[in-house]
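Here is the file structure_25.txt (compact mmCIF, C-alpha atoms).
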```
# COMPACT_ATOMS: atom_id res chain seq x y z
CA MET A 15 -11.90 17.42 0.38
CA ILE A 16 -8.32 16.33 -0.26
CA ASN A 17 -6.66 18.43 -2.96
CA VAL A 18 -3.97 16.70 -5.04
CA VAL A 19 -1.43 17.88 -7.62
CA VAL A 20 -0.23 15.28 -10.17
CA ILE A 21 3.22 15.85 -11.71
CA ASP A 22 4.30 13.57 -14.58
CA ASP A 23 5.76 14.07 -18.04
CA SER A 24 3.42 11.42 -19.48
CA ALA A 25 -0.02 12.67 -20.49
CA PHE A 26 -1.32 9.12 -20.07
CA MET A 27 -0.02 8.91 -16.50
CA ARG A 28 -1.41 12.32 -15.58
CA LYS A 29 -4.81 11.26 -16.87
CA ALA A 30 -4.68 7.76 -15.37
CA ILE A 31 -3.70 8.94 -11.90
CA SER A 32 -6.23 11.78 -11.96
CA THR A 33 -9.03 9.46 -13.08
CA MET A 34 -8.22 6.90 -10.38
CA LEU A 35 -8.06 9.47 -7.62
CA GLU A 36 -11.26 11.29 -8.55
CA LYS A 37 -13.26 8.07 -8.36
CA ASP A 38 -13.25 8.85 -4.65
CA PRO A 39 -15.66 11.73 -3.90
CA GLY A 40 -13.34 13.01 -1.18
CA ILE A 41 -10.40 13.62 -3.53
CA LYS A 42 -9.98 16.38 -6.12
CA VAL A 43 -7.05 16.78 -8.53
CA VAL A 44 -6.68 20.55 -8.54
CA ALA A 45 -3.83 20.72 -11.09
CA THR A 46 -1.38 18.67 -13.13
CA ALA A 47 2.11 19.48 -14.38
CA ARG A 48 4.50 18.08 -17.01
CA ASP A 49 7.81 18.57 -15.21
CA GLY A 50 9.36 19.64 -11.93
CA GLU A 51 9.54 23.35 -12.75
CA GLU A 52 5.88 23.52 -13.73
CA GLY A 53 5.06 21.34 -10.74
CA LEU A 54 6.63 23.77 -8.26
CA THR A 55 4.63 26.59 -9.81
CA VAL A 56 1.27 24.82 -9.45
CA ILE A 57 2.12 23.62 -5.93
CA ARG A 58 2.79 27.23 -4.88
CA LYS A 59 -0.46 28.31 -6.52
CA PHE A 60 -2.83 25.59 -5.28
CA ASN A 61 -1.18 24.55 -1.99
CA PRO A 62 -2.35 20.90 -2.29
CA ASP A 63 -2.70 18.41 0.53
CA VAL A 64 -0.86 15.64 -1.36
CA ILE A 65 1.42 15.46 -4.43
CA THR A 66 2.14 12.57 -6.80
CA LEU A 67 5.53 13.02 -8.42
CA ASP A 68 7.24 11.22 -11.30
CA ILE A 69 10.99 10.69 -11.02
CA GLU A 70 12.20 10.84 -14.64
CA MET A 71 11.11 14.15 -16.21
CA PRO A 72 12.67 16.78 -18.50
CA LYS A 73 13.80 20.25 -17.33
CA MET A 74 13.63 19.39 -13.63
CA ASP A 75 13.50 15.76 -12.51
CA GLY A 76 11.47 14.43 -9.61
CA LEU A 77 14.30 14.20 -7.09
CA THR A 78 15.30 17.82 -7.67
CA ALA A 79 11.67 18.92 -7.42
CA LEU A 80 11.27 16.88 -4.23
CA ARG A 81 14.24 18.64 -2.61
CA HIS A 82 12.64 22.02 -3.38
CA ILE A 83 9.26 20.89 -2.05
CA MET A 84 10.71 19.63 1.22
CA MET A 85 12.82 22.73 1.78
CA GLU A 86 10.20 25.30 0.79
CA MET A 87 6.79 23.78 1.49
CA PRO A 88 6.91 20.28 3.01
CA LYS A 89 3.93 18.17 1.95
CA PRO A 90 3.14 14.45 1.62
CA VAL A 91 4.64 13.30 -1.69
CA ILE A 92 3.93 9.92 -3.31
CA MET A 93 6.49 8.99 -5.97
CA VAL A 94 5.55 7.35 -9.28
CA SER A 95 8.24 4.72 -9.74
CA SER A 96 9.41 2.26 -12.37
CA LEU A 97 9.63 -1.28 -11.01
CA THR A 98 13.25 -1.71 -12.10
CA THR A 99 16.54 -1.75 -10.23
CA GLU A 100 17.26 1.80 -11.41
CA GLY A 101 13.76 2.86 -10.43
CA ALA A 102 14.19 1.25 -7.04
CA GLU A 103 17.41 3.11 -6.32
CA SER A 104 15.85 6.44 -7.31
CA THR A 105 12.75 5.72 -5.24
CA LEU A 106 14.80 4.81 -2.18
CA LYS A 107 16.65 8.10 -2.58
CA ALA A 108 13.29 9.91 -2.79
CA LEU A 109 12.16 8.25 0.43
CA ASP A 110 15.40 9.44 2.07
CA LEU A 111 14.57 12.96 0.90
CA GLY A 112 11.13 12.88 2.50
CA ALA A 113 8.68 11.21 0.09
CA VAL A 114 6.18 9.14 2.08
CA ASP A 115 5.49 6.31 -0.38
CA PHE A 116 5.41 5.27 -4.03
CA ILE A 117 3.14 3.69 -6.65
CA PRO A 118 4.21 1.69 -9.73
CA LYS A 119 4.53 3.54 -13.00
CA GLN A 120 3.53 0.50 -15.07
CA LEU A 121 -0.15 1.35 -15.43
CA SER A 122 -2.26 0.06 -18.29
CA LYS A 123 -6.00 -0.08 -18.89
CA VAL A 124 -5.64 -3.80 -19.56
CA SER A 125 -3.51 -4.50 -16.51
CA LEU A 126 -4.91 -7.10 -14.12
CA ASP A 127 -3.41 -5.08 -11.26
CA ILE A 128 -5.10 -1.79 -12.13
CA VAL A 129 -7.93 -2.21 -9.60
CA LYS A 130 -5.48 -3.01 -6.79
CA ILE A 131 -3.23 -0.07 -7.73
CA GLU A 132 -6.25 2.23 -7.79
CA THR A 133 -7.41 1.06 -4.36
CA ASP A 134 -3.91 1.38 -2.91
CA LEU A 135 -3.40 4.85 -4.40
CA ILE A 136 -6.67 6.20 -3.03
CA SER A 137 -5.97 4.66 0.37
CA LYS A 138 -2.44 6.08 0.50
CA VAL A 139 -3.57 9.58 -0.48
CA LYS A 140 -6.34 9.62 2.12
CA ILE A 141 -4.08 8.38 4.90
CA VAL A 142 -1.01 10.55 4.25
CA ALA A 143 -3.18 13.66 3.78
CA ARG A 144 -4.08 13.45 7.46
CA ARG A 145 -0.48 13.37 8.63
CA LYS A 146 1.48 16.46 9.52
CA MET A 147 4.83 16.53 7.77
CA ARG A 148 7.81 16.27 10.09
CA PRO A 149 11.56 16.59 9.51
CA VAL A 150 13.05 13.72 7.55
CA PRO A 151 14.98 11.33 9.85
CA ARG A 152 18.70 11.79 9.41
CA VAL A 153 20.57 8.53 8.98
CA ARG A 154 23.75 8.35 11.05
CA THR A 155 26.12 6.67 8.66
CA SER A 156 29.38 6.98 10.55
CA VAL A 157 30.96 4.24 12.62
CA VAL A 158 31.54 6.81 15.37
CA ALA A 159 27.79 7.46 15.61
CA ALA A 160 27.09 3.77 16.22
CA LYS A 161 29.81 3.57 18.86
CA ARG A 162 28.20 6.48 20.69
CA LEU A 163 24.97 4.52 21.12
CA ALA A 164 24.13 4.47 24.80
CA ALA A 165 25.00 1.29 26.65
CA PRO A 166 22.02 -0.96 27.48
CA ARG A 167 20.55 -0.16 30.87
CA VAL A 168 20.19 -3.84 31.72
CA ASN A 169 23.13 -5.37 29.88
CA ILE A 170 24.10 -8.02 32.42
CA GLY A 171 25.57 -11.25 31.09
CA ARG A 172 24.34 -12.88 27.92
CA PRO A 173 21.26 -11.53 26.11
CA LYS A 174 18.03 -13.47 26.62
CA ARG A 175 16.97 -12.85 23.03
CA ASP A 176 18.99 -13.48 19.90
CA VAL A 177 16.45 -12.91 17.09
CA VAL A 178 14.90 -9.56 16.17
CA MET A 179 11.98 -9.52 13.74
CA ILE A 180 11.05 -6.18 12.14
CA GLY A 181 7.76 -5.62 10.31
CA VAL A 182 7.31 -2.36 8.39
CA SER A 183 5.55 -0.76 5.42
CA THR A 184 4.81 2.84 4.41
CA GLY A 185 7.59 5.16 5.58
CA GLY A 186 9.78 2.18 6.39
CA PRO A 187 13.05 2.58 4.47
CA PRO A 188 14.30 5.71 6.30
CA ALA A 189 13.13 4.26 9.63
CA VAL A 190 14.94 0.96 9.09
CA GLN A 191 18.05 2.79 7.88
CA LYS A 192 18.03 4.92 11.01
CA ILE A 193 17.88 1.84 13.23
CA LEU A 194 20.53 -0.23 11.46
CA SER A 195 22.96 2.66 11.09
CA SER A 196 22.94 3.06 14.88
CA LEU A 197 23.49 -0.56 15.90
CA PRO A 198 27.04 -1.53 16.93
CA LYS A 199 29.18 -4.06 15.11
CA ASP A 200 28.96 -6.48 18.04
CA PHE A 201 25.13 -6.46 18.07
CA PRO A 202 24.31 -9.78 19.79
CA ALA A 203 21.31 -10.88 17.70
CA GLY A 204 20.33 -11.66 14.13
CA ILE A 205 17.68 -9.51 12.42
CA VAL A 206 15.01 -10.48 9.89
CA ILE A 207 12.95 -7.79 8.13
CA ALA A 208 9.61 -7.92 6.32
CA GLN A 209 9.30 -4.59 4.46
CA HIS A 210 6.36 -4.27 2.08
CA MET A 211 8.13 -3.69 -1.25
CA PRO A 212 8.02 -4.93 -4.85
CA LYS A 213 10.42 -7.67 -5.94
CA ALA A 214 12.76 -5.25 -7.75
CA PHE A 215 13.15 -3.06 -4.67
CA THR A 216 14.26 -5.37 -1.85
CA GLY A 217 17.68 -6.21 -3.33
CA PRO A 218 18.71 -2.55 -3.76
CA PHE A 219 17.18 -1.81 -0.35
CA ALA A 220 19.33 -4.49 1.29
CA LYS A 221 22.46 -3.18 -0.47
CA ARG A 222 21.68 0.35 0.72
CA LEU A 223 21.27 -0.88 4.29
CA ASN A 224 24.53 -2.80 4.09
CA SER A 225 26.36 0.34 2.97
CA ILE A 226 25.25 2.39 5.99
CA SER A 227 25.38 -0.27 8.69
CA GLN A 228 28.17 -1.99 10.63
CA LEU A 229 26.11 -5.17 10.41
CA THR A 230 26.05 -7.48 7.38
CA VAL A 231 22.82 -6.97 5.40
CA LYS A 232 21.59 -8.93 2.40
CA GLU A 233 18.40 -9.98 0.64
CA ALA A 234 17.44 -13.35 2.12
CA GLU A 235 17.89 -16.61 0.22
CA THR A 236 16.85 -20.11 1.17
CA GLY A 237 19.65 -21.74 3.14
CA ASP A 238 21.02 -18.54 4.68
CA ARG A 239 21.90 -18.84 8.36
CA LEU A 240 20.87 -16.26 10.92
CA VAL A 241 23.72 -15.39 13.28
CA PRO A 242 24.41 -12.41 15.58
CA GLY A 243 25.25 -9.31 13.55
CA SER A 244 23.52 -10.55 10.39
CA VAL A 245 20.47 -8.89 8.82
CA PHE A 246 18.22 -10.42 6.17
CA VAL A 247 15.57 -8.57 4.13
CA ALA A 248 12.65 -10.66 2.87
CA PRO A 249 12.50 -10.63 -0.96
CA GLY A 250 9.57 -8.77 -2.46
CA GLY A 251 6.86 -11.08 -3.77
CA SER A 252 7.83 -13.90 -1.37
CA HIS A 253 7.63 -14.73 2.31
CA LEU A 254 10.55 -15.26 4.66
CA VAL A 255 10.41 -17.85 7.44
CA ILE A 256 13.01 -19.14 9.88
CA ASP A 257 13.56 -22.59 11.33
CA GLN A 258 15.58 -23.59 14.39
CA LYS A 259 17.76 -26.57 13.57
CA VAL A 260 19.84 -28.42 16.17
CA SER A 261 22.71 -25.94 16.15
CA ARG A 262 21.66 -23.18 13.75
CA ILE A 263 18.81 -21.01 12.52
CA GLU A 264 18.08 -21.42 8.80
CA LEU A 265 16.08 -19.15 6.52
CA THR A 266 13.63 -20.21 3.83
CA VAL A 267 12.11 -18.05 1.10
CA THR A 268 8.69 -19.38 0.11
CA ALA A 269 5.55 -18.50 -1.88
CA GLU A 270 3.32 -19.94 0.85
CA PRO A 271 0.86 -18.88 2.07
CA LYS A 272 -0.20 -17.67 -1.37
CA GLU A 273 -3.38 -16.05 -0.02
CA ALA A 274 -1.50 -13.58 2.22
CA LEU A 275 -2.41 -9.97 1.49
CA TYR A 276 1.22 -8.84 1.62
CA LYS A 277 4.31 -10.58 0.23
CA PRO A 278 6.47 -10.44 2.23
CA SER A 279 4.14 -10.62 5.22
CA ALA A 280 5.11 -9.46 8.70
CA ASN A 281 2.56 -11.92 10.11
CA VAL A 282 4.12 -14.89 8.34
CA LEU A 283 7.63 -13.90 9.42
CA ALA A 284 6.67 -13.16 13.03
CA THR A 285 4.75 -16.42 13.40
CA SER A 286 7.70 -18.41 12.07
CA VAL A 287 10.01 -16.59 14.49
CA ALA A 288 7.63 -17.38 17.35
CA ASN A 289 7.50 -21.06 16.42
CA ALA A 290 11.26 -21.32 15.87
CA VAL A 291 12.74 -19.51 18.86
CA GLY A 292 9.81 -18.51 21.11
CA ARG A 293 10.92 -16.42 24.08
CA ARG A 294 14.29 -15.73 22.43
CA ALA A 295 12.58 -13.34 20.00
CA LEU A 296 11.93 -9.61 19.95
CA GLY A 297 9.30 -8.28 17.54
CA VAL A 298 9.49 -4.68 16.30
CA ILE A 299 6.58 -3.15 14.40
CA LEU A 300 7.32 0.11 12.61
CA THR A 301 5.41 2.63 10.49
CA GLY A 302 2.93 1.29 7.93
CA MET A 303 -0.69 1.06 6.82
CA GLY A 304 -2.98 -1.74 7.91
CA ASN A 305 -2.43 -4.32 10.63
CA ASP A 306 0.10 -6.74 9.13
CA GLY A 307 2.19 -8.08 11.99
CA ARG A 308 -0.51 -8.04 14.66
CA ASP A 309 -1.39 -11.76 14.47
CA GLY A 310 2.27 -12.77 14.24
CA ILE A 311 3.21 -10.62 17.23
CA ARG A 312 0.35 -12.21 19.16
CA ASP A 313 1.89 -15.62 18.39
CA LEU A 314 5.32 -14.34 19.43
CA LYS A 315 4.01 -12.94 22.71
CA SER A 316 2.22 -16.21 23.49
CA LYS A 317 5.61 -17.96 23.35
CA GLY A 318 7.23 -15.51 25.76
CA GLY A 319 8.72 -13.05 23.28
CA ARG A 320 8.68 -9.27 23.63
CA ALA A 321 7.37 -6.59 21.28
CA ILE A 322 8.08 -2.92 20.57
CA ALA A 323 5.85 -0.53 18.60
CA GLN A 324 6.96 2.70 16.96
CA SER A 325 5.27 5.77 18.41
CA ASP A 326 2.45 7.56 16.61
CA SER A 327 4.37 10.84 16.65
CA SER A 328 7.34 9.38 14.76
CA CYS A 329 5.42 7.25 12.21
CA VAL A 330 4.62 8.29 8.66
CA VAL A 331 1.50 6.11 9.01
CA TYR A 332 0.42 4.87 12.44
CA GLY A 333 -1.38 1.74 11.29
CA MET A 334 0.72 -1.36 11.91
CA PRO A 335 2.10 -0.18 15.28
CA LYS A 336 -1.36 1.00 16.36
CA ALA A 337 -2.76 -2.47 15.71
CA ILE A 338 -0.43 -4.12 18.23
CA VAL A 339 -0.77 -1.25 20.72
CA ASP A 340 -4.58 -1.40 20.60
CA ASP A 341 -4.45 -5.16 21.21
CA GLY A 342 -2.22 -4.68 24.23
CA LEU A 343 0.68 -6.56 22.61
CA ALA A 344 3.37 -3.84 22.83
CA ASP A 345 5.75 -3.98 25.77
CA GLU A 346 7.11 -0.57 24.81
CA ILE A 347 6.10 2.31 22.50
CA VAL A 348 9.22 4.06 21.24
CA ASP A 349 10.13 7.05 19.03
CA ILE A 350 12.21 6.10 16.02
CA ASP A 351 15.14 8.17 17.35
CA ASP A 352 15.28 5.91 20.42
CA MET A 353 14.48 2.61 18.69
CA SER A 354 18.05 1.28 18.36
CA GLU A 355 18.72 1.68 22.07
CA ALA A 356 15.32 0.18 22.92
CA ILE A 357 16.03 -2.86 20.75
CA ILE A 358 19.37 -3.48 22.49
CA ASN A 359 17.84 -3.04 25.95
CA ASN A 360 14.99 -5.45 25.18
CA LEU A 361 17.40 -8.22 24.24
CA TYR A 362 18.29 -8.44 27.95
CA LEU A 363 14.75 -8.29 29.37
```
Will you turn the file into structure tokens for me?
Amino acid sequence: MINVVVIDDSAFMRKAISTMLEKDPGIKVVATARDGEEGLTVIRKFNPDVITLDIEMPKMDGLTALRHIMMEMPKPVIMVSSLTTEGAESTLKALDLGAVDFIPKQLSKVSLDIVKIETDLISKVKIVARRKMRPVPRVRTSVVAAKRLAAPRVNIGRPKRDVVMIGVSTGGPPAVQKILSSLPKDFPAGIVIAQHMPKAFTGPFAKRLNSISQLTVKEAETGDRLVPGSVFVAPGGSHLVIDQKVSRIELTVTAEPKEALYKPSANVLATSVANAVGRRALGVILTGMGNDGRDGIRDLKSKGGRAIAQSDSSCVVYGMPKAIVDDGLADEIVDIDDMSEAIINNLYL
């Protein structure tokens, strides 16, 4: 039995989340709380396996409560977030502080998305409950830290690969931040990222990445050009694909394929990278639920590209990397702390 504590200042949200979770016979909501102070009290009393935590609350807000939880009694925390720019920025901060994921706050009994939200919530709770909490990755934001990155072991001449594709989901923002903050200004490849996020989140996420990286990071737009040292984040709710023109690589944001389970999709991005540049590509699959990215990485490998998977021990959820490892598609399995160096080294292999 997975015991959950629900913390939210809205009585409707406390009831809605509790009702959704307890539809699964393996989950029990052992307590609810109206604010951060009351939440800390019930967490100490019931010692739950998982916590859902609202951000905007009276007395003690969610971010303050999260800091206390992670310092005193680290547990998997899923944030309840507004799908707004302000909500996105607060949620990204919560993920930095150690929250493992988030669910949208906009719940309604008449919502067409309620069944999907319910399924996702139950799935997230069951998966993160099995994971042991580990220290939150520290993002190295200084220029000096990036310059200290170890020199590539095989850096001889020009790199063989000039496009890096990253696919990532649950637990992704801190992992991606850790990678980009450690890459040097003269990084010799362009990077495209498919991070499973709502539409309102990817813009603030790209801005956050740009602020901590020596590379240039932005949310992708149709017509953007991928050049060494540039990083593009696929917009939430759309797919990102690349196309090799005669003398440049162009990006396109598209709604197709509409039937894809995730938008943006790591599979769609990786397949487009494989078709556009083939052996010049490196695919990197990081923490996340499910197997998005596996089929695209298979396409990339068939064209001579290379692939790296994040290690189980450093993932929040070992789903997406496991899928490519189990299929024998990963050339390397790497801890997140070593991922930046591994990416640089693989550009020359």
Note to self: Using only C-alpha atoms for the distances, tell me which of A:Ala208, A:Val64, A:Leu296, A:Ile256 is nearest to Lys89 of chain A.
What the structure shows: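 Closest to Lys89 of chain A of all the choices is A:Val64.
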Selection: 6 Å around Thr236 of chain A, only C-alpha atoms, excl. self and same-chain fewer than 3 positions, as a short mmCIF file (atom, residue, chain, number, x, y, z; two decimals) with C-alpha atoms, keeping the file's coordinate frame:
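Heads up, here's the output in around.cif:
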```cif
data_model
loop_
_atom_site.label_atom_id
_atom_site.label_comp_id
_atom_site.auth_asym_id
_atom_site.auth_seq_id
_atom_site.Cartn_x
_atom_site.Cartn_y
_atom_site.Cartn_z
CA LEU A 265 16.08 -19.15 6.52
CA THR A 266 13.63 -20.21 3.83
CA VAL A 267 12.11 -18.05 1.10
#
```
Checklist line | atom CA of Gln324 of chain A to atom CA of His253 of chain A, distance in Å rounded to a single decimal | finding: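 It comes out at 22.8 Å.
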Checklist line | Neighbour list for segment 42-53 of chain A as a list of chain:residue names, cut-off 6 Å, all atoms listed in the file, skip fewer than 6 positions in-chain | finding: A:Asn17, A:Val18, A:Val19, A:Val20, A:Ile21, A:Asp22, A:Asp23, A:Glu36, A:Met71, A:Met74, A:Asp75, A:Ala79
Which residues are near segment 258-264 of chain A? Cut-off 6 Å, all atoms listed in the file, ignore same chain within fewer than 6 positions. Put them as a PDB file with C-alpha atoms, in the frame of the given file.
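Heads up, here's the output in selection.pdb:
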```pdb
ATOM      1  CA  GLY A 237      19.650 -21.740   3.140  1.00  0.00           C
ATOM      2  CA  ASP A 238      21.020 -18.540   4.680  1.00  0.00           C
ATOM      3  CA  ARG A 239      21.900 -18.840   8.360  1.00  0.00           C
ATOM      4  CA  LEU A 240      20.870 -16.260  10.920  1.00  0.00           C
ATOM      5  CA  ALA A 290      11.260 -21.320  15.870  1.00  0.00           C
TER       6      ALA A 290
END
```
